[in-house]
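Scroll down for the structure; my scribbles are underneath it.
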Amino acid sequence: MNDVKDMLAAALDRGPDPGQPVNPAADLARGRRLLRRRRLAGLAGAAGGAAAAAGIVTVVLTAGPAGPHPAPSSQHTSRPAGPVVTLRPRQGSAELVSYRGYQAPGYQVSEVPRGWVVQGSNAFALTVAPRDDPDKFVSSFVGKIAVMLLSRDEPVPSGQPNVMVAGRPGFLRQGDGAGVLKYQAASGQWVDIQFPARLGWHRAQFIRFAEGVTVLPSAQQGRG
Amino acid sequence: MTRSPRDEEFSAFVTERRVALLRTACLLTAGDQHLAEDLVQTALARMYVAWPKVRRSESADAYARRVLVNAYIDEVRRPRWRREQTVSDPPDRPDAGPPDGWPDAVDGEVIRAALAELPKRMRAAVVLRHWLDLSVEETASLLDCSEGTVKSQTAKGIARLRSLLGGGAAVTSRTGPARSVLPAEGT
């Protein structure tokens with residue numbers, strides 16, 4: 001065990017020196033910024049919650065044939081019987097719109113965030129980015145939506161799926177507004193989509209985007 | 001700007017523990033110091049936000065480890081953080097040489113390259129178990145997997161490193177003479 005530790009220590013020959021001085025100012029500033037953002041987001045969420053409580057809840061009438069007393073198009077009850085309730089997207093979040101632009105090899109997408117386009121693809125991944133994104137490098141995923149098949153080095157997700165994508169199991173992880181959605185496509189392949197925080201999306205939007213993705217036979221699994 | 005008790009405590013923690021976190025992050029990232037710095041910055045910022053919880057936790061160090069590992073796992077799940085490009089197959093590595101030609105010493109660069117060959121979670125299991133000396137149970141908790149997975153991933157990781165470093169490779173320590181790197185199989 002100790003020999004392995006020595007080996008790992010040797011890997012740090014160019015790493016930080018244990019005795020080097022540390023100035024915490026930059027970390028403190030970053031922490032304060034993040035805390036401020038979280039608090040602002042909390043206030044915005046509370047405002048949104050108040051609006052929802054006031055009755056601004058969209059009710060989508062998808063509950064089958066209307067009975068003798070059709071459900072209203074909006075209502076104040078928090079638990080409507082029958083109709084599916086969908087919350088409005090977060091304030092400032094990117095709206096999903098139908099996409100008819102350039103499609104890159106490997107995948108097709110039917111909806112993109114408004115103002116975003118399919119940027120391109122390599123053999124292993126496709127990126128969707130704002131039309132004016134200065135980063136045109138397809139293999140760079142910073143701030144973009146990246147669609148790919150699950151890496152060959154990564155095990156197929158197991159356990160209880162927490163979402164369904166077009167009726168098939170999926171696993172969604174969210175954090176700080178970003179999301180990673182892994183789901184089984186109609187072909188049986190596992191797709192891995194990674195969403196940047198700047199979309200401001202919630203679960204329904206992640207799923208809706210994924211449901212618009214078609215994996216083509218030319219898509220390949222990467223490694224790593 | 002006035003400094004709150006949170007600021008004071010956080011600053012003290014950063015002063016004392018930042019380098020250790022950065023060294024762990026460097027191992028998790030197989031020597032990618034830029035990514036390691038990103039991870040530590042992310043982890044520390046999250047800790048500052050959660051400082052009331054850190055205060056209530058049994059150990060700020062343990063809390064920091066968890067946040068760092070979570071940041072690492074979040075990052076490696078996003079290929080945008082990968083500095084390398086995805087490929088259909090990894091490039092061939094130079095032959096380590098015949099069994100009787102193993103090097104007497106392995107420098108840090110070679111070890112980092114070997115670490116980089118491990119799948120990320122396997123590398124994390126090795127680092128958590130052997131660098132941080134965490135128990136199987138603690139490692140399983142941090143990696144959100146079973147204890148059996150930790151054991152198998154750690155064993156495979158060590159075996160893979162042994163293979164990549166030439167089986168009986170030795171390491172040149174900055175503080176001492178060359179010595180055996182890895183334990184024999186099954187130890």
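Labeling convention for the structure tokens: chains A, B, ... as they appear, residues from 1 per chain, ligands from 1 in order of appearance.
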
**Message:** Please list as a list of chain:residue names every residue within 12 Å of Ser158 in chain A, counting only C-alpha atoms and excluding residues in the same chain fewer than 5 positions away.
**Reply:** A:Pro169, A:Gly170, A:Phe171, A:Lys182, A:Tyr183, A:Gln184, A:Trp190, B:Cys145

Could you save the residues just selected, with all heavy atoms, as a compact mmCIF listing (two decimals), in the first residue's frame?
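To be explicit, this is the file written out as out_18.txt:
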```
# COMPACT_ATOMS: atom_id res chain seq x y z
N PRO A 169 -35.86 4.12 -20.70
CA PRO A 169 -35.26 4.56 -19.42
C PRO A 169 -34.14 5.57 -19.61
O PRO A 169 -33.38 5.50 -20.58
CB PRO A 169 -34.71 3.26 -18.83
CG PRO A 169 -34.50 2.36 -20.00
CD PRO A 169 -35.58 2.70 -20.99
N GLY A 170 -34.07 6.48 -18.68
CA GLY A 170 -33.01 7.47 -18.71
C GLY A 170 -32.58 7.84 -17.30
O GLY A 170 -33.29 7.60 -16.33
N PHE A 171 -31.39 8.41 -17.23
CA PHE A 171 -30.82 8.81 -15.95
C PHE A 171 -30.36 10.26 -16.09
O PHE A 171 -29.48 10.55 -16.90
CB PHE A 171 -29.64 7.92 -15.57
CG PHE A 171 -30.03 6.48 -15.37
CD1 PHE A 171 -30.18 5.62 -16.46
CD2 PHE A 171 -30.29 5.99 -14.11
CE1 PHE A 171 -30.55 4.31 -16.28
CE2 PHE A 171 -30.66 4.67 -13.92
CZ PHE A 171 -30.81 3.82 -15.01
N LYS A 182 -28.49 10.51 -19.67
CA LYS A 182 -28.11 9.28 -20.36
C LYS A 182 -29.37 8.46 -20.52
O LYS A 182 -30.07 8.23 -19.53
CB LYS A 182 -27.05 8.52 -19.57
CG LYS A 182 -25.76 9.31 -19.45
CD LYS A 182 -24.77 8.65 -18.54
CE LYS A 182 -23.56 9.57 -18.41
NZ LYS A 182 -22.53 9.05 -17.54
N TYR A 183 -29.64 8.03 -21.73
CA TYR A 183 -30.87 7.28 -21.94
C TYR A 183 -30.67 6.30 -23.07
O TYR A 183 -29.76 6.43 -23.90
CB TYR A 183 -32.02 8.25 -22.25
CG TYR A 183 -31.87 8.97 -23.56
CD1 TYR A 183 -32.49 8.49 -24.72
CD2 TYR A 183 -31.08 10.11 -23.66
CE1 TYR A 183 -32.34 9.15 -25.93
CE2 TYR A 183 -30.92 10.77 -24.86
CZ TYR A 183 -31.55 10.29 -25.99
OH TYR A 183 -31.38 10.93 -27.20
N GLN A 184 -31.57 5.34 -23.11
CA GLN A 184 -31.50 4.33 -24.15
C GLN A 184 -32.32 4.78 -25.34
O GLN A 184 -33.51 5.08 -25.21
CB GLN A 184 -32.01 2.99 -23.62
CG GLN A 184 -31.68 1.83 -24.52
CD GLN A 184 -31.94 0.49 -23.85
OE1 GLN A 184 -32.82 0.39 -23.01
NE2 GLN A 184 -31.18 -0.51 -24.22
N TRP A 190 -27.05 3.55 -25.98
CA TRP A 190 -27.18 4.53 -24.90
C TRP A 190 -26.60 5.86 -25.36
O TRP A 190 -25.49 5.91 -25.88
CB TRP A 190 -26.50 4.04 -23.63
CG TRP A 190 -27.36 3.04 -22.91
CD1 TRP A 190 -27.47 1.71 -23.18
CD2 TRP A 190 -28.28 3.33 -21.85
NE1 TRP A 190 -28.40 1.14 -22.34
CE2 TRP A 190 -28.90 2.10 -21.52
CE3 TRP A 190 -28.64 4.47 -21.16
CZ2 TRP A 190 -29.85 2.01 -20.51
CZ3 TRP A 190 -29.59 4.39 -20.15
CH2 TRP A 190 -30.18 3.16 -19.84
N CYS B 145 -20.84 4.02 -5.28
CA CYS B 145 -20.88 2.67 -5.87
C CYS B 145 -20.75 1.67 -4.73
O CYS B 145 -20.63 2.05 -3.56
CB CYS B 145 -19.75 2.50 -6.90
SG CYS B 145 -18.11 2.59 -6.20
```

**Request:** List the neighbours of range 68-70 of chain B out to 7 Å using only C-alpha atoms; skip same-chain residues closer than 3 positions along the sequence, and give me the result as number ranges by chain.
**Result:** B: 39-40, 43, 64-65, 73-74, 142

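Remark: for chain B, the closest of the candidate residues A:Ala185, A:Ile193, A:Ala104, A:Ala94 is A:Ile193 (distances computed over only C-alpha atoms).
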
**Request:** Write out as a ChimeraX atom specification all residues of range 131-167 of chain A that backbone DSSP assigns to strand (DSSP E).
**Result:** /A:145-149,163-165

Written file, previous selection with C-alpha atoms, as a PDB file, in the first residue's frame:
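What follows is the written file again00.pdb:
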```pdb
ATOM      1  CA  ILE A 145     -24.973  20.951 -25.807  1.00  0.00           C
ATOM      2  CA  ALA A 146     -22.973  17.828 -26.605  1.00  0.00           C
ATOM      3  CA  VAL A 147     -24.682  14.709 -27.957  1.00  0.00           C
ATOM      4  CA  MET A 148     -22.775  11.456 -28.094  1.00  0.00           C
ATOM      5  CA  LEU A 149     -23.093   7.763 -27.558  1.00  0.00           C
ATOM      6  CA  VAL A 163     -36.673   9.863 -16.217  1.00  0.00           C
ATOM      7  CA  MET A 164     -38.260   8.346 -19.282  1.00  0.00           C
ATOM      8  CA  VAL A 165     -37.241   9.551 -22.727  1.00  0.00           C
TER       9      VAL A 165
END
```

**Residue contacts of range 8-18 of chain A (9 Å, only C-alpha atoms) excluding same-chain residues fewer than 4 positions away, as a PyMOL selection string** = (chain A and resi 3-4) or (chain B and resi 19-20+22-23+26-27+30-31+33+106-112+115+127+130-131+171-174)

**Message:** Quick one: residues within 7 Å of Ala124 in chain B, only C-alpha atoms, excluding same-chain residues fewer than 4 positions away - as a list in words?
**Reply:** Leu28, Lys120 and Leu128 of chain B

**Message:** Taking only C-alpha atoms into account and nothing else, which residues of chain A lie no more than 6 Å away from chain B? Please answer as a ChimeraX atom specification.
**Reply:** /A:3-5,7,10-11,13,22,24,30-31,35,140-142,222-223

**Message:** I'd like the neighbourhood of Glu211 in chain A as a ChimeraX atom specification, where a residue qualifies if any of its atoms comes within 7 Å (using only C-alpha atoms), though same-chain residues fewer than 3 positions away should be ignored.
**Reply:** /A:165-166,207-208

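Of note, CA of Arg3 in chain B and CA of Arg55 in chain B are spaced 17.0 Å apart.
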